$ cat final-v3.pdb   # PDB, N, CA and C atoms
ATOM      1  N   MET A  18       4.177  14.285   1.466
ATOM      2  CA  MET A  18       4.136  13.904   0.068
ATOM      3  C   MET A  18       5.472  13.328  -0.375
ATOM      4  N   GLU A  19       6.554  13.763   0.240
ATOM      5  CA  GLU A  19       7.878  13.276  -0.152
ATOM      6  C   GLU A  19       7.992  11.763   0.016
ATOM      7  N   ILE A  20       7.414  11.240   1.092
ATOM      8  CA  ILE A  20       7.488   9.804   1.334
ATOM      9  C   ILE A  20       6.757   9.050   0.230
ATOM     10  N   LEU A  21       5.557   9.475  -0.125
ATOM     11  CA  LEU A  21       4.791   8.778  -1.153
ATOM     12  C   LEU A  21       5.486   8.848  -2.510
ATOM     13  N   ASP A  22       6.112   9.970  -2.836
ATOM     14  CA  ASP A  22       6.849  10.064  -4.093
ATOM     15  C   ASP A  22       7.970   9.037  -4.144
ATOM     16  N   ALA A  23       8.612   8.802  -3.019
ATOM     17  CA  ALA A  23       9.690   7.805  -2.977
ATOM     18  C   ALA A  23       9.142   6.402  -3.214
ATOM     19  N   TRP A  24       7.904   6.152  -2.766
ATOM     20  CA  TRP A  24       7.312   4.833  -2.938
ATOM     21  C   TRP A  24       7.139   4.476  -4.403
ATOM     22  N   LYS A  25       6.878   5.472  -5.248
ATOM     23  CA  LYS A  25       6.575   5.194  -6.655
ATOM     24  C   LYS A  25       7.707   4.470  -7.368
ATOM     25  N   ALA A  26       8.921   4.667  -6.913
ATOM     26  CA  ALA A  26      10.079   4.101  -7.608
ATOM     27  C   ALA A  26      10.598   2.844  -6.923
ATOM     28  N   ASN A  27       9.859   2.288  -5.989
ATOM     29  CA  ASN A  27      10.359   1.165  -5.216
ATOM     30  C   ASN A  27       9.356   0.038  -5.113
ATOM     31  N   THR A  28       9.892  -1.148  -4.977
ATOM     32  CA  THR A  28       9.079  -2.296  -4.635
ATOM     33  C   THR A  28       8.851  -2.257  -3.134
ATOM     34  N   ILE A  29       7.648  -2.571  -2.712
ATOM     35  CA  ILE A  29       7.306  -2.514  -1.302
ATOM     36  C   ILE A  29       7.014  -3.919  -0.792
ATOM     37  N   PHE A  30       7.622  -4.270   0.322
ATOM     38  CA  PHE A  30       7.390  -5.545   0.976
ATOM     39  C   PHE A  30       6.010  -5.497   1.621
ATOM     40  N   VAL A  31       5.176  -6.547   1.389
ATOM     41  CA  VAL A  31       3.807  -6.620   1.900
ATOM     42  C   VAL A  31       3.668  -7.901   2.718
ATOM     43  N   GLU A  32       3.076  -7.772   3.905
ATOM     44  CA  GLU A  32       2.871  -8.928   4.781
ATOM     45  C   GLU A  32       1.396  -8.986   5.164
ATOM     46  N   ASN A  33       0.801 -10.191   5.089
ATOM     47  CA  ASN A  33      -0.615 -10.297   5.442
ATOM     48  C   ASN A  33      -0.786 -10.703   6.902
ATOM     49  N   GLU A  34      -2.038 -10.801   7.357
ATOM     50  CA  GLU A  34      -2.349 -11.117   8.748
ATOM     51  C   GLU A  34      -1.832 -12.481   9.173
ATOM     52  N   ASP A  35      -1.698 -13.409   8.235
ATOM     53  CA  ASP A  35      -1.214 -14.751   8.552
ATOM     54  C   ASP A  35       0.305 -14.842   8.559
ATOM     55  N   GLY A  36       0.984 -13.749   8.226
ATOM     56  CA  GLY A  36       2.441 -13.750   8.227
ATOM     57  C   GLY A  36       3.064 -14.091   6.883
ATOM     58  N   SER A  37       2.239 -14.425   5.883
ATOM     59  CA  SER A  37       2.769 -14.656   4.537
ATOM     60  C   SER A  37       3.135 -13.305   3.937
ATOM     61  N   SER A  38       3.993 -13.326   2.931
ATOM     62  CA  SER A  38       4.445 -12.043   2.391
ATOM     63  C   SER A  38       4.656 -12.091   0.893
ATOM     64  N   GLY A  39       4.847 -10.916   0.335
ATOM     65  CA  GLY A  39       5.115 -10.751  -1.088
ATOM     66  C   GLY A  39       5.539  -9.311  -1.306
ATOM     67  N   THR A  40       5.431  -8.864  -2.525
ATOM     68  CA  THR A  40       5.811  -7.487  -2.824
ATOM     69  C   THR A  40       4.705  -6.786  -3.599
ATOM     70  N   GLY A  41       4.814  -5.497  -3.695
ATOM     71  CA  GLY A  41       3.887  -4.689  -4.455
ATOM     72  C   GLY A  41       4.584  -3.415  -4.879
ATOM     73  N   PHE A  42       3.836  -2.564  -5.552
ATOM     74  CA  PHE A  42       4.361  -1.259  -5.936
ATOM     75  C   PHE A  42       3.213  -0.264  -5.905
ATOM     76  N   VAL A  43       3.538   1.007  -5.896
ATOM     77  CA  VAL A  43       2.533   2.054  -5.790
ATOM     78  C   VAL A  43       2.397   2.782  -7.122
ATOM     79  N   ILE A  44       1.152   3.034  -7.512
ATOM     80  CA  ILE A  44       0.907   3.878  -8.676
ATOM     81  C   ILE A  44       0.156   5.119  -8.200
ATOM     82  N   ARG A  45       0.302   6.197  -8.948
ATOM     83  CA  ARG A  45      -0.317   7.479  -8.608
ATOM     84  C   ARG A  45      -1.316   7.851  -9.691
ATOM     85  N   TRP A  46      -2.502   8.274  -9.261
ATOM     86  CA  TRP A  46      -3.540   8.700 -10.192
ATOM     87  C   TRP A  46      -3.938  10.115  -9.812
ATOM     88  N   THR A  47      -3.799  11.048 -10.749
ATOM     89  CA  THR A  47      -4.169  12.438 -10.534
ATOM     90  C   THR A  47      -5.390  12.753 -11.392
ATOM     91  N   TYR A  48      -6.377  13.393 -10.811
ATOM     92  CA  TYR A  48      -7.583  13.750 -11.556
ATOM     93  C   TYR A  48      -8.153  15.055 -11.020
ATOM     94  N   SER A  49      -9.007  15.684 -11.791
ATOM     95  CA  SER A  49      -9.629  16.952 -11.389
ATOM     96  C   SER A  49     -11.147  16.832 -11.431
ATOM     97  N   ILE A  50     -11.781  17.437 -10.434
ATOM     98  CA  ILE A  50     -13.237  17.516 -10.371
ATOM     99  C   ILE A  50     -13.590  18.943  -9.960
ATOM    100  N   ASN A  51     -14.381  19.610 -10.791
ATOM    101  CA  ASN A  51     -14.827  20.977 -10.496
ATOM    102  C   ASN A  51     -13.666  21.912 -10.157
ATOM    103  N   GLY A  52     -12.568  21.771 -10.869
ATOM    104  CA  GLY A  52     -11.427  22.653 -10.659
ATOM    105  C   GLY A  52     -10.510  22.256  -9.519
ATOM    106  N   ASN A  53     -10.854  21.215  -8.778
ATOM    107  CA  ASN A  53     -10.009  20.729  -7.692
ATOM    108  C   ASN A  53      -9.198  19.535  -8.176
ATOM    109  N   THR A  54      -7.918  19.537  -7.908
ATOM    110  CA  THR A  54      -7.052  18.422  -8.297
ATOM    111  C   THR A  54      -6.913  17.468  -7.126
ATOM    112  N   TRP A  55      -7.095  16.201  -7.412
ATOM    113  CA  TRP A  55      -6.996  15.144  -6.412
ATOM    114  C   TRP A  55      -5.905  14.179  -6.825
ATOM    115  N   ILE A  56      -5.205  13.636  -5.850
ATOM    116  CA  ILE A  56      -4.173  12.630  -6.100
ATOM    117  C   ILE A  56      -4.483  11.423  -5.225
ATOM    118  N   LYS A  57      -4.528  10.262  -5.841
ATOM    119  CA  LYS A  57      -4.715   9.015  -5.105
ATOM    120  C   LYS A  57      -3.537   8.101  -5.390
ATOM    121  N   PHE A  58      -3.150   7.359  -4.372
ATOM    122  CA  PHE A  58      -2.093   6.368  -4.510
ATOM    123  C   PHE A  58      -2.705   4.990  -4.296
ATOM    124  N   PHE A  59      -2.322   4.039  -5.147
ATOM    125  CA  PHE A  59      -2.831   2.680  -5.068
ATOM    126  C   PHE A  59      -1.675   1.708  -4.913
ATOM    127  N   LEU A  60      -1.808   0.799  -3.967
ATOM    128  CA  LEU A  60      -0.835  -0.270  -3.802
ATOM    129  C   LEU A  60      -1.271  -1.425  -4.688
ATOM    130  N   VAL A  61      -0.399  -1.872  -5.563
ATOM    131  CA  VAL A  61      -0.695  -2.963  -6.486
ATOM    132  C   VAL A  61       0.122  -4.179  -6.072
ATOM    133  N   THR A  62      -0.552  -5.309  -5.903
ATOM    134  CA  THR A  62       0.122  -6.555  -5.570
ATOM    135  C   THR A  62      -0.708  -7.704  -6.135
ATOM    136  N   CYS A  63      -0.159  -8.869  -6.170
ATOM    137  CA  CYS A  63      -0.913 -10.049  -6.627
ATOM    138  C   CYS A  63      -1.876 -10.478  -5.529
ATOM    139  N   LYS A  64      -3.026 -11.008  -5.928
ATOM    140  CA  LYS A  64      -4.040 -11.366  -4.939
ATOM    141  C   LYS A  64      -3.571 -12.456  -3.985
ATOM    142  N   HIS A  65      -2.659 -13.325  -4.427
ATOM    143  CA  HIS A  65      -2.186 -14.383  -3.529
ATOM    144  C   HIS A  65      -1.341 -13.835  -2.380
ATOM    145  N   VAL A  66      -0.862 -12.588  -2.516
ATOM    146  CA  VAL A  66      -0.108 -11.975  -1.415
ATOM    147  C   VAL A  66      -1.047 -11.748  -0.224
ATOM    148  N   LEU A  67      -2.327 -11.427  -0.499
ATOM    149  CA  LEU A  67      -3.297 -11.284   0.584
ATOM    150  C   LEU A  67      -3.603 -12.643   1.197
ATOM    151  N   HIS A  68      -3.880 -13.632   0.352
ATOM    152  CA  HIS A  68      -4.055 -15.021   0.796
ATOM    153  C   HIS A  68      -4.297 -15.886  -0.430
ATOM    154  N   HIS A  69      -3.815 -17.123  -0.405
ATOM    155  CA  HIS A  69      -4.046 -18.046  -1.531
ATOM    156  C   HIS A  69      -5.501 -18.496  -1.589
ATOM    157  N   ASN A  70      -6.151 -18.602  -0.436
ATOM    158  CA  ASN A  70      -7.534 -19.043  -0.358
ATOM    159  C   ASN A  70      -8.464 -17.852  -0.597
ATOM    160  N   PRO A  71      -9.303 -17.903  -1.659
ATOM    161  CA  PRO A  71     -10.190 -16.771  -1.962
ATOM    162  C   PRO A  71     -11.111 -16.376  -0.802
ATOM    163  N   GLY A  72     -11.627 -17.331  -0.068
ATOM    164  CA  GLY A  72     -12.510 -17.020   1.059
ATOM    165  C   GLY A  72     -11.780 -16.263   2.158
ATOM    166  N   LYS A  73     -10.591 -16.733   2.500
ATOM    167  CA  LYS A  73      -9.804 -16.055   3.530
ATOM    168  C   LYS A  73      -9.317 -14.695   3.038
ATOM    169  N   ARG A  74      -9.038 -14.594   1.742
ATOM    170  CA  ARG A  74      -8.604 -13.322   1.159
ATOM    171  C   ARG A  74      -9.689 -12.262   1.361
ATOM    172  N   GLN A  75     -10.965 -12.646   1.196
ATOM    173  CA  GLN A  75     -12.078 -11.709   1.381
ATOM    174  C   GLN A  75     -12.249 -11.289   2.842
ATOM    175  N   GLN A  76     -11.758 -12.110   3.760
ATOM    176  CA  GLN A  76     -11.905 -11.817   5.183
ATOM    177  C   GLN A  76     -10.754 -10.989   5.754
ATOM    178  N   MET A  77      -9.696 -10.789   4.987
ATOM    179  CA  MET A  77      -8.546 -10.038   5.476
ATOM    180  C   MET A  77      -8.966  -8.618   5.854
ATOM    181  N   GLN A  78      -8.494  -8.151   6.989
ATOM    182  CA  GLN A  78      -8.838  -6.827   7.485
ATOM    183  C   GLN A  78      -7.722  -5.807   7.286
ATOM    184  N   GLU A  79      -6.471  -6.272   7.290
ATOM    185  CA  GLU A  79      -5.359  -5.343   7.153
ATOM    186  C   GLU A  79      -4.113  -6.045   6.625
ATOM    187  N   ILE A  80      -3.198  -5.245   6.127
ATOM    188  CA  ILE A  80      -1.887  -5.728   5.724
ATOM    189  C   ILE A  80      -0.847  -4.793   6.333
ATOM    190  N   VAL A  81       0.376  -5.268   6.353
ATOM    191  CA  VAL A  81       1.487  -4.444   6.817
ATOM    192  C   VAL A  81       2.432  -4.259   5.642
ATOM    193  N   ILE A  82       2.819  -3.023   5.390
ATOM    194  CA  ILE A  82       3.792  -2.755   4.336
ATOM    195  C   ILE A  82       5.022  -2.107   4.966
ATOM    196  N   TYR A  83       6.128  -2.192   4.247
ATOM    197  CA  TYR A  83       7.393  -1.650   4.721
ATOM    198  C   TYR A  83       7.975  -0.720   3.655
ATOM    199  N   PRO A  84       7.382   0.466   3.510
ATOM    200  CA  PRO A  84       7.848   1.394   2.472
ATOM    201  C   PRO A  84       9.143   2.086   2.890
ATOM    202  N   PRO A  85       9.933   2.501   1.915
ATOM    203  CA  PRO A  85      11.120   3.288   2.238
ATOM    204  C   PRO A  85      10.697   4.707   2.622
ATOM    205  N   THR A  86      11.219   5.197   3.724
ATOM    206  CA  THR A  86      10.927   6.557   4.155
ATOM    207  C   THR A  86      12.236   7.317   4.334
ATOM    208  N   ARG A  87      12.232   8.569   3.906
ATOM    209  CA  ARG A  87      13.437   9.393   4.031
ATOM    210  C   ARG A  87      13.566   9.878   5.472
ATOM    211  N   GLN A  88      14.719   9.641   6.046
ATOM    212  CA  GLN A  88      15.004  10.055   7.407
ATOM    213  C   GLN A  88      15.575  11.477   7.421
ATOM    214  N   LYS A  89      15.710  12.048   8.598
ATOM    215  CA  LYS A  89      16.243  13.399   8.727
ATOM    216  C   LYS A  89      17.672  13.509   8.187
ATOM    217  N   ASP A  90      18.403  12.404   8.232
ATOM    218  CA  ASP A  90      19.786  12.424   7.720
ATOM    219  C   ASP A  90      19.849  12.253   6.204
ATOM    220  N   GLY A  91      18.658  12.149   5.544
ATOM    221  CA  GLY A  91      18.606  12.019   4.095
ATOM    222  C   GLY A  91      18.617  10.584   3.599
ATOM    223  N   GLU A  92      18.887   9.635   4.474
ATOM    224  CA  GLU A  92      18.909   8.223   4.100
ATOM    225  C   GLU A  92      17.491   7.649   4.082
ATOM    226  N   PHE A  93      17.304   6.596   3.281
ATOM    227  CA  PHE A  93      16.028   5.898   3.246
ATOM    228  C   PHE A  93      16.116   4.652   4.116
ATOM    229  N   ARG A  94      15.069   4.430   4.890
ATOM    230  CA  ARG A  94      14.944   3.224   5.694
ATOM    231  C   ARG A  94      13.518   2.710   5.541
ATOM    232  N   ARG A  95      13.353   1.413   5.650
ATOM    233  CA  ARG A  95      12.008   0.839   5.564
ATOM    234  C   ARG A  95      11.376   0.848   6.947
ATOM    235  N   GLU A  96      10.135   1.371   7.008
ATOM    236  CA  GLU A  96       9.414   1.431   8.270
ATOM    237  C   GLU A  96       8.072   0.737   8.125
ATOM    238  N   GLN A  97       7.630   0.130   9.200
ATOM    239  CA  GLN A  97       6.377  -0.617   9.197
ATOM    240  C   GLN A  97       5.173   0.322   9.189
ATOM    241  N   LEU A  98       4.188   0.006   8.325
ATOM    242  CA  LEU A  98       2.957   0.776   8.235
ATOM    243  C   LEU A  98       1.802  -0.204   8.032
ATOM    244  N   THR A  99       0.815  -0.166   8.917
ATOM    245  CA  THR A  99      -0.342  -1.047   8.818
ATOM    246  C   THR A  99      -1.445  -0.336   8.033
ATOM    247  N   LEU A 100      -1.999  -1.032   7.034
ATOM    248  CA  LEU A 100      -3.059  -0.477   6.194
ATOM    249  C   LEU A 100      -4.331  -1.301   6.343
ATOM    250  N   SER A 101      -5.458  -0.620   6.508
ATOM    251  CA  SER A 101      -6.752  -1.273   6.555
ATOM    252  C   SER A 101      -7.169  -1.641   5.129
ATOM    253  N   LEU A 102      -7.801  -2.779   4.978
ATOM    254  CA  LEU A 102      -8.315  -3.190   3.670
ATOM    255  C   LEU A 102      -9.790  -2.844   3.521
ATOM    256  N   ASN A 103     -10.323  -2.067   4.434
ATOM    257  CA  ASN A 103     -11.722  -1.659   4.393
ATOM    258  C   ASN A 103     -11.808  -0.199   4.002
ATOM    259  N   ALA A 104     -12.595   0.092   2.991
ATOM    260  CA  ALA A 104     -12.826   1.477   2.563
ATOM    261  C   ALA A 104     -13.944   2.064   3.424
ATOM    262  N   VAL A 105     -14.144   3.338   3.323
ATOM    263  CA  VAL A 105     -15.193   4.008   4.092
ATOM    264  C   VAL A 105     -16.555   3.407   3.777
ATOM    265  N   TYR A 106     -16.796   3.052   2.503
ATOM    266  CA  TYR A 106     -18.100   2.540   2.097
ATOM    267  C   TYR A 106     -18.116   1.033   1.918
ATOM    268  N   GLY A 107     -17.208   0.322   2.531
ATOM    269  CA  GLY A 107     -17.233  -1.128   2.444
ATOM    270  C   GLY A 107     -15.903  -1.705   2.039
ATOM    271  N   LYS A 108     -15.904  -2.969   1.765
ATOM    272  CA  LYS A 108     -14.676  -3.700   1.435
ATOM    273  C   LYS A 108     -14.113  -3.215   0.124
ATOM    274  N   ILE A 109     -12.792  -3.066   0.062
ATOM    275  CA  ILE A 109     -12.159  -2.664  -1.186
ATOM    276  C   ILE A 109     -11.607  -3.877  -1.889
TER     277      ILE A 109
END
$ encode --input "final-v3.pdb" --output "structure tokens"
Amino acid sequence: MEILDAWKANTIFVENEDGSSGTGFVIRWTYSINGNTWIKFFLVTCKHVLHHNPGKRQQMQEIVIYPPTRQKDGEFRREQLTLSLNAVYGKI
């Protein structure tokens, strides 16, 4: 959870499958259902970061982000993380 909390205060570098790039940021949504608390994190970026062409944008399967992660020495470094653009129940 510490890594995700750090993301909230930072701009994140985003790279698409074609090698184009842009930035985004993370927002946190907390909600409760039947007494259980859930937390979801959403990466927000402009749609052109995925691709300028709407058809190709719909075909994108994954992106790579470089979020800051806290290292054992306490310093933050950006590390590569690949994210799928497909949800369990279909395209997101």
$ resolve_selection --input "final-v3.pdb" --expression "the PyMOL selection byres (((chain A and resi 78 and name CA) around 7) and name CA)" --output "number ranges by chain"
A: 76-77, 79, 101-103
$ resolve_selection --input "final-v3.pdb" --expression "the PyMOL selection byres ((chain A and resi 92-99) around 7)" --output "list in words"
Glu79, Ile80, Val81, Ile82, Tyr83, Pro84, Pro85, Thr86, Arg87, Gln88, Lys89, Asp90, Gly91, Leu100 and Ser101 of chain A
$ residues_around --input "final-v3.pdb" --residues "stretch 39-47 of chain A" --least-positions-apart "4" --cutoff "5 Å" --atoms "only N, CA and C atoms" --output "PyMOL selection string"
chain A and resi 25+28-31+55-62
$ write_last_selection --input "final-v3.pdb" --atoms "N, CA and C atoms" --output "mmCIF file, keeping the file's coordinate frame"
data_model
loop_
_atom_site.group_PDB
_atom_site.id
_atom_site.type_symbol
_atom_site.label_atom_id
_atom_site.label_comp_id
_atom_site.auth_asym_id
_atom_site.auth_seq_id
_atom_site.Cartn_x
_atom_site.Cartn_y
_atom_site.Cartn_z
ATOM 1 N N LYS A 25 6.878 5.472 -5.248
ATOM 2 C CA LYS A 25 6.575 5.194 -6.655
ATOM 3 C C LYS A 25 7.707 4.470 -7.368
ATOM 4 N N THR A 28 9.892 -1.148 -4.977
ATOM 5 C CA THR A 28 9.079 -2.296 -4.635
ATOM 6 C C THR A 28 8.851 -2.257 -3.134
ATOM 7 N N ILE A 29 7.648 -2.571 -2.712
ATOM 8 C CA ILE A 29 7.306 -2.514 -1.302
ATOM 9 C C ILE A 29 7.014 -3.919 -0.792
ATOM 10 N N PHE A 30 7.622 -4.270 0.322
ATOM 11 C CA PHE A 30 7.390 -5.545 0.976
ATOM 12 C C PHE A 30 6.010 -5.497 1.621
ATOM 13 N N VAL A 31 5.176 -6.547 1.389
ATOM 14 C CA VAL A 31 3.807 -6.620 1.900
ATOM 15 C C VAL A 31 3.668 -7.901 2.718
ATOM 16 N N TRP A 55 -7.095 16.201 -7.412
ATOM 17 C CA TRP A 55 -6.996 15.144 -6.412
ATOM 18 C C TRP A 55 -5.905 14.179 -6.825
ATOM 19 N N ILE A 56 -5.205 13.636 -5.850
ATOM 20 C CA ILE A 56 -4.173 12.630 -6.100
ATOM 21 C C ILE A 56 -4.483 11.423 -5.225
ATOM 22 N N LYS A 57 -4.528 10.262 -5.841
ATOM 23 C CA LYS A 57 -4.715 9.015 -5.105
ATOM 24 C C LYS A 57 -3.537 8.101 -5.390
ATOM 25 N N PHE A 58 -3.150 7.359 -4.372
ATOM 26 C CA PHE A 58 -2.093 6.368 -4.510
ATOM 27 C C PHE A 58 -2.705 4.990 -4.296
ATOM 28 N N PHE A 59 -2.322 4.039 -5.147
ATOM 29 C CA PHE A 59 -2.831 2.680 -5.068
ATOM 30 C C PHE A 59 -1.675 1.708 -4.913
ATOM 31 N N LEU A 60 -1.808 0.799 -3.967
ATOM 32 C CA LEU A 60 -0.835 -0.270 -3.802
ATOM 33 C C LEU A 60 -1.271 -1.425 -4.688
ATOM 34 N N VAL A 61 -0.399 -1.872 -5.563
ATOM 35 C CA VAL A 61 -0.695 -2.963 -6.486
ATOM 36 C C VAL A 61 0.122 -4.179 -6.072
ATOM 37 N N THR A 62 -0.552 -5.309 -5.903
ATOM 38 C CA THR A 62 0.122 -6.555 -5.570
ATOM 39 C C THR A 62 -0.708 -7.704 -6.135
#
$ atom_distance --input "final-v3.pdb" --atom1 "atom N of A:Leu67" --atom2 "atom N of A:Ser37"
8.4 Å
$ atom_distance --input "final-v3.pdb" --atom1 "atom C of A:Gly72" --atom2 "atom CA of A:Gly36"
15.7 Å
$ atom_distance --input "final-v3.pdb" --atom1 "atom N of A:Gln75" --atom2 "atom CA of A:Glu32"
14.8 Å
$ select_by_dssp --input "final-v3.pdb" --residues "chain A" --states "strand (DSSP E)" --output "number ranges by chain"
A: 29-33, 38-50, 53-62, 79-83, 85-87, 93-95, 98-101, 103-104, 107-108
$ axis_aligned_box --input "final-v3.pdb" --around "stretch 57-60 of chain A" --padding-each-side "3 Å" --output "JSON"
{"center_x": -2.8, "center_y": 4.4, "center_z": -4.8, "size_x": 9.9, "size_y": 17.7, "size_z": 8.0}
